[in-house]
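Chemist: Before I ask anything, here is the structure I am working with.
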Amino acid sequence: MRTWIYVAPDERSTKLGYLRAGAVVDRAELPAGTHGCAGGWYRIAPRGYVCVGKGASLALEHQVVAAAVRGPRRGAPVPYHYVMSGSPPPHLYFRLPTLEDQRRVEGSTLSVHLARTAGAPSTLPLDPVPAFLLAGRDLPKPYGAEEKLHYSVHTGRAKESSAFGLITTFEWTNRRFGLTTELDLIPLDRTRPARLSALRGVIIKDLDADVADAPASASDAAPPPGAPPPAGTAPPAGSASPTASASPAAASASPTASASPAAASASSSPPGPQTDTASFSIAEPPADELPPAPPGTDPRIDPSLKGAPAFVRVHGASRQRVSASGRALVDAGAAPFRSGWVLTGRTRGGAKGIVETTEGSWLASGHLVIAELRKDPQGFARDGKKWIDISIRRQMLVAYEGTRPVFAALISSGRSGMADPEETDATVRGSFYIHAKHVSTTMDGDDEAAEAFDLRDVPYTQYFHEGYALHGAYWHDEFGKARSHGCINLAPADAAWLFEWTEPAVPPEWHGAVNIEGGGTLVYVHG
């Protein structure tokens with residue numbers, strides 16, 4: 001189901017990663033040999049060798065390349081648009097069905113169904129009908145894909161409670177259709193769009209550096225004036241240029257886990273600390289100014305909080321800021337639920353008092369879940385390497401470069417909390433290394449198909465121990481609560497950011513990378 005990329009022109013050599021059906025990559029002009037590969041081994045960008053044959057082709061006009069239309073959107077919160085099936089689930093068409101085909105396949109109640117769903121709003125983009133389908137051609141199944149029984153124009157229904165990643169959506173016979181990543185055509189009025197979480201973590205800047213900008217932060221609700229804006233989306237994946245590219249090679253194998261070209265996305269520029277623009281008189285404090293702080297509550301420095309990320313854990317939390325007079329605090333509006341902040345280390349009132357953020361707001365510490373800044377047990381922090389700290393009790397992930405935190409996000413770990421992962425749905429604890437990354441994949445036997453959904457193209461999946469992985473979740477928005485069957489669920493935008501930051505790197509046109517011999521980013525999971 002995958003077109004593997006090897007470190008040498010030999011299928012017995014180490015695997016580096018793989019291409020997904022429809023991917024197009026630069027290659028060397030001439031093969032590096034034909035040992036065990038009649039079509040020849042070609043070096044591809046940025047590294048590795050692919051065997052041309054059943055799984056890959058030199059022909060850009062190959063039917064799988066033509067049918068796949070486009071690859072995933074790397075750097076976007078999700079690589080595809082997602083829909084969840086209704087009941088009954090949609091039929092899987094392999095060519096554009098005429099109106100007569102649709103009535104024959106979907107039954108006499110089709111007209112009633114279409115009348116009921118007519119005019120329903122859709123958030124999905126509308127593309128032109130792919131030329132491949134307009135030409136009357138049947139959708140191919142790439143080498144290695146499951147071959148289903150073909151009826152006149154379809155291969156039966158999808159499974160109950162299915163979810164699909166879509167390559168493109170378009171209108172045909174006054175009806176919207178979607179082309180799935182597995183090259184099936186489905187009527188979208190038999191589905192509903194997945195409701196993605198808008199939650200975003202915080203990107204943490206070095207507070208000791210001479211930087212004017214405050215760290216970006218994010219929330220799943222629109223922040224009020226002065227609150228930190230959403231953190232930027234994932235940075236573009238770095239990729240080397242081809243060593244000897246002449247003509248492109250097209251992958252025609254269709255892996256169940258998928259990969260794609262990377263699209264760079266820029267981070268938003270966060271504002272600096274808010275300034276009080278009202279004309280307040282020192283002699284006459286404004287009416288909304290709170291009483292002066294009690295004696296003994298002057299700001300103090302807590303070094304353990306300097307640069308620590310924090311998230312609002314309650315609804316109805318409020319912010320305060322220093323008034324123009326500098327003598328008291330004034331109300332600064334709401335602090336949205338699950339909004340992320342970075343602390344300066346300045347506190348008032350001790351452990352149960354209020355804490356200052358880099359944006360200039362003061363928040364009640366009791367309304368926050370605050371990360372405990374730490375060093376990893378493997379010495380990565382001392383060596384300045386990247387590593388990830390995951391707290392099950394806090395339901396928080398913090399990414400470090402050495403001893404400095406650079407990113408934080410809320411998570412959903414295994415719903416059994418601190419129980420035995422061998423006996424329950426708890427997340428495994430300990431130190432591990434990321435050994436396989438997939439732009440998207442079907443997670444066989446994992447929960448995340450949970451709640452009886454047959455989920456495809458789980459985004460930005462990073463395996464760190466057996467079946468345990470970090471990945472985006474497009475089917476729920478309960479981050480900050482333990483609810484998975486063992487994996488670490490992240491909001492889509494956070495999973496996308498983390499995927500581009502960790503090792504092993506996945507080059508733009510690849511769909512996955514493996515690092516079987518170790519060397520991937522450390523993941524430390526604890527209580």
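For the structure tokens, the naming scheme is as follows: chains receive sequential letters (A, B, ...) according to their order of presentation, residues are indexed from 1 within each chain, and ligands are indexed from 1 in presentation order.
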Write out as a ChimeraX atom specification the residues lying within 9 Å of stretch 147-153 of chain A, counting only C-alpha atoms and excluding same-chain residues fewer than 3 positions away.
Modeler: /A:92-97,101,105,138,141,144,156
Chemist: Near A:His465, within 8 Å and counting only C-alpha atoms, which residues show up once chain neighbours fewer than 6 positions away are dropped, as a PyMOL selection string?
Modeler: chain A and resi 432-435
Chemist: Keeping only all heavy atoms, write the selected residues as a PDB file, in the first residue's frame.
Modeler:
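Below is the file that was written, part-v4.pdb:
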ATOM      1  N   PHE A 432      10.605   7.687  25.528  1.00  0.00           N
ATOM      2  CA  PHE A 432      10.534   7.009  24.234  1.00  0.00           C
ATOM      3  C   PHE A 432      11.064   7.950  23.149  1.00  0.00           C
ATOM      4  O   PHE A 432      11.297   9.125  23.401  1.00  0.00           O
ATOM      5  CB  PHE A 432       9.087   6.617  23.910  1.00  0.00           C
ATOM      6  CG  PHE A 432       8.362   5.944  25.034  1.00  0.00           C
ATOM      7  CD1 PHE A 432       7.524   6.679  25.882  1.00  0.00           C
ATOM      8  CD2 PHE A 432       8.528   4.596  25.280  1.00  0.00           C
ATOM      9  CE1 PHE A 432       6.866   6.079  26.938  1.00  0.00           C
ATOM     10  CE2 PHE A 432       7.872   3.978  26.328  1.00  0.00           C
ATOM     11  CZ  PHE A 432       7.036   4.716  27.160  1.00  0.00           C
ATOM     12  N   TYR A 433      11.217   7.397  21.962  1.00  0.00           N
ATOM     13  CA  TYR A 433      11.660   8.197  20.831  1.00  0.00           C
ATOM     14  C   TYR A 433      10.664   8.055  19.681  1.00  0.00           C
ATOM     15  O   TYR A 433      10.171   6.956  19.410  1.00  0.00           O
ATOM     16  CB  TYR A 433      13.048   7.761  20.351  1.00  0.00           C
ATOM     17  CG  TYR A 433      14.128   7.986  21.376  1.00  0.00           C
ATOM     18  CD1 TYR A 433      14.494   6.968  22.261  1.00  0.00           C
ATOM     19  CD2 TYR A 433      14.780   9.214  21.485  1.00  0.00           C
ATOM     20  CE1 TYR A 433      15.473   7.159  23.221  1.00  0.00           C
ATOM     21  CE2 TYR A 433      15.761   9.429  22.440  1.00  0.00           C
ATOM     22  CZ  TYR A 433      16.106   8.396  23.301  1.00  0.00           C
ATOM     23  OH  TYR A 433      17.077   8.607  24.259  1.00  0.00           O
ATOM     24  N   ILE A 434      10.381   9.150  19.002  1.00  0.00           N
ATOM     25  CA  ILE A 434       9.510   9.087  17.830  1.00  0.00           C
ATOM     26  C   ILE A 434      10.219   8.275  16.754  1.00  0.00           C
ATOM     27  O   ILE A 434      11.347   8.588  16.370  1.00  0.00           O
ATOM     28  CB  ILE A 434       9.176  10.498  17.315  1.00  0.00           C
ATOM     29  CG1 ILE A 434       8.303  11.242  18.345  1.00  0.00           C
ATOM     30  CG2 ILE A 434       8.471  10.440  15.964  1.00  0.00           C
ATOM     31  CD1 ILE A 434       8.053  12.701  18.011  1.00  0.00           C
ATOM     32  N   HIS A 435       9.552   7.208  16.295  1.00  0.00           N
ATOM     33  CA  HIS A 435      10.214   6.321  15.328  1.00  0.00           C
ATOM     34  C   HIS A 435       9.504   6.266  13.981  1.00  0.00           C
ATOM     35  O   HIS A 435      10.054   5.695  13.023  1.00  0.00           O
ATOM     36  CB  HIS A 435      10.338   4.911  15.907  1.00  0.00           C
ATOM     37  CG  HIS A 435       9.029   4.261  16.240  1.00  0.00           C
ATOM     38  ND1 HIS A 435       8.259   3.640  15.304  1.00  0.00           N
ATOM     39  CD2 HIS A 435       8.367   4.148  17.425  1.00  0.00           C
ATOM     40  CE1 HIS A 435       7.173   3.155  15.879  1.00  0.00           C
ATOM     41  NE2 HIS A 435       7.209   3.458  17.165  1.00  0.00           N
TER      42      HIS A 435
END
Chemist: Please identify all polymer residues within 6 Å of A:Ser361, counting only C-alpha atoms, omitting same-chain residues fewer than 3 positions from it, and present them as a ChimeraX atom specification.
Modeler: /A:319-321,356-357
Chemist: For the residues in that selection, give me N, CA and C atoms as a JSON list (two decimals), in the first residue's frame.
Modeler:
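Result file is result-v3.json:
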[["chain", "number", "residue", "atom", "x", "y", "z"],
["A", 319, "ARG", "N", -9.31, 38.99, 33.47],
["A", 319, "ARG", "CA", -7.95, 39.52, 33.44],
["A", 319, "ARG", "C", -7.93, 40.88, 34.13],
["A", 320, "GLN", "N", -6.77, 41.24, 34.64],
["A", 320, "GLN", "CA", -6.55, 42.57, 35.19],
["A", 320, "GLN", "C", -5.26, 43.12, 34.60],
["A", 321, "ARG", "N", -5.13, 44.44, 34.65],
["A", 321, "ARG", "CA", -3.89, 45.07, 34.21],
["A", 321, "ARG", "C", -3.60, 46.27, 35.12],
["A", 356, "GLU", "N", 1.52, 37.37, 36.48],
["A", 356, "GLU", "CA", 1.61, 38.25, 35.33],
["A", 356, "GLU", "C", 1.94, 37.45, 34.07],
["A", 357, "THR", "N", 1.34, 37.85, 32.94],
["A", 357, "THR", "CA", 1.65, 37.24, 31.65],
["A", 357, "THR", "C", 2.54, 38.16, 30.83]]
Chemist: Which is closer to A:Pro193 than all the others in A:Ala56, A:Glu503, A:Arg348, A:Leu124, using only C-alpha atoms?
Modeler: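 So, comparing all the options, the nearest one is A:Leu124.
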Chemist: Go ahead and compute the interatomic distance for atom CA of A:Tyr49 and atom CA of A:Ala8, in Å to one decimal.
Modeler: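 Computing the Euclidean distance for atom CA of A:Tyr49 and atom CA of A:Ala8 yields 6.0 Å.
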Chemist: Return the single residue from A:Ser197, A:Leu329, A:Glu422, A:Glu500 that is closest to A:Leu410, with distances computed using only C-alpha atoms.
Modeler: A:Ser197
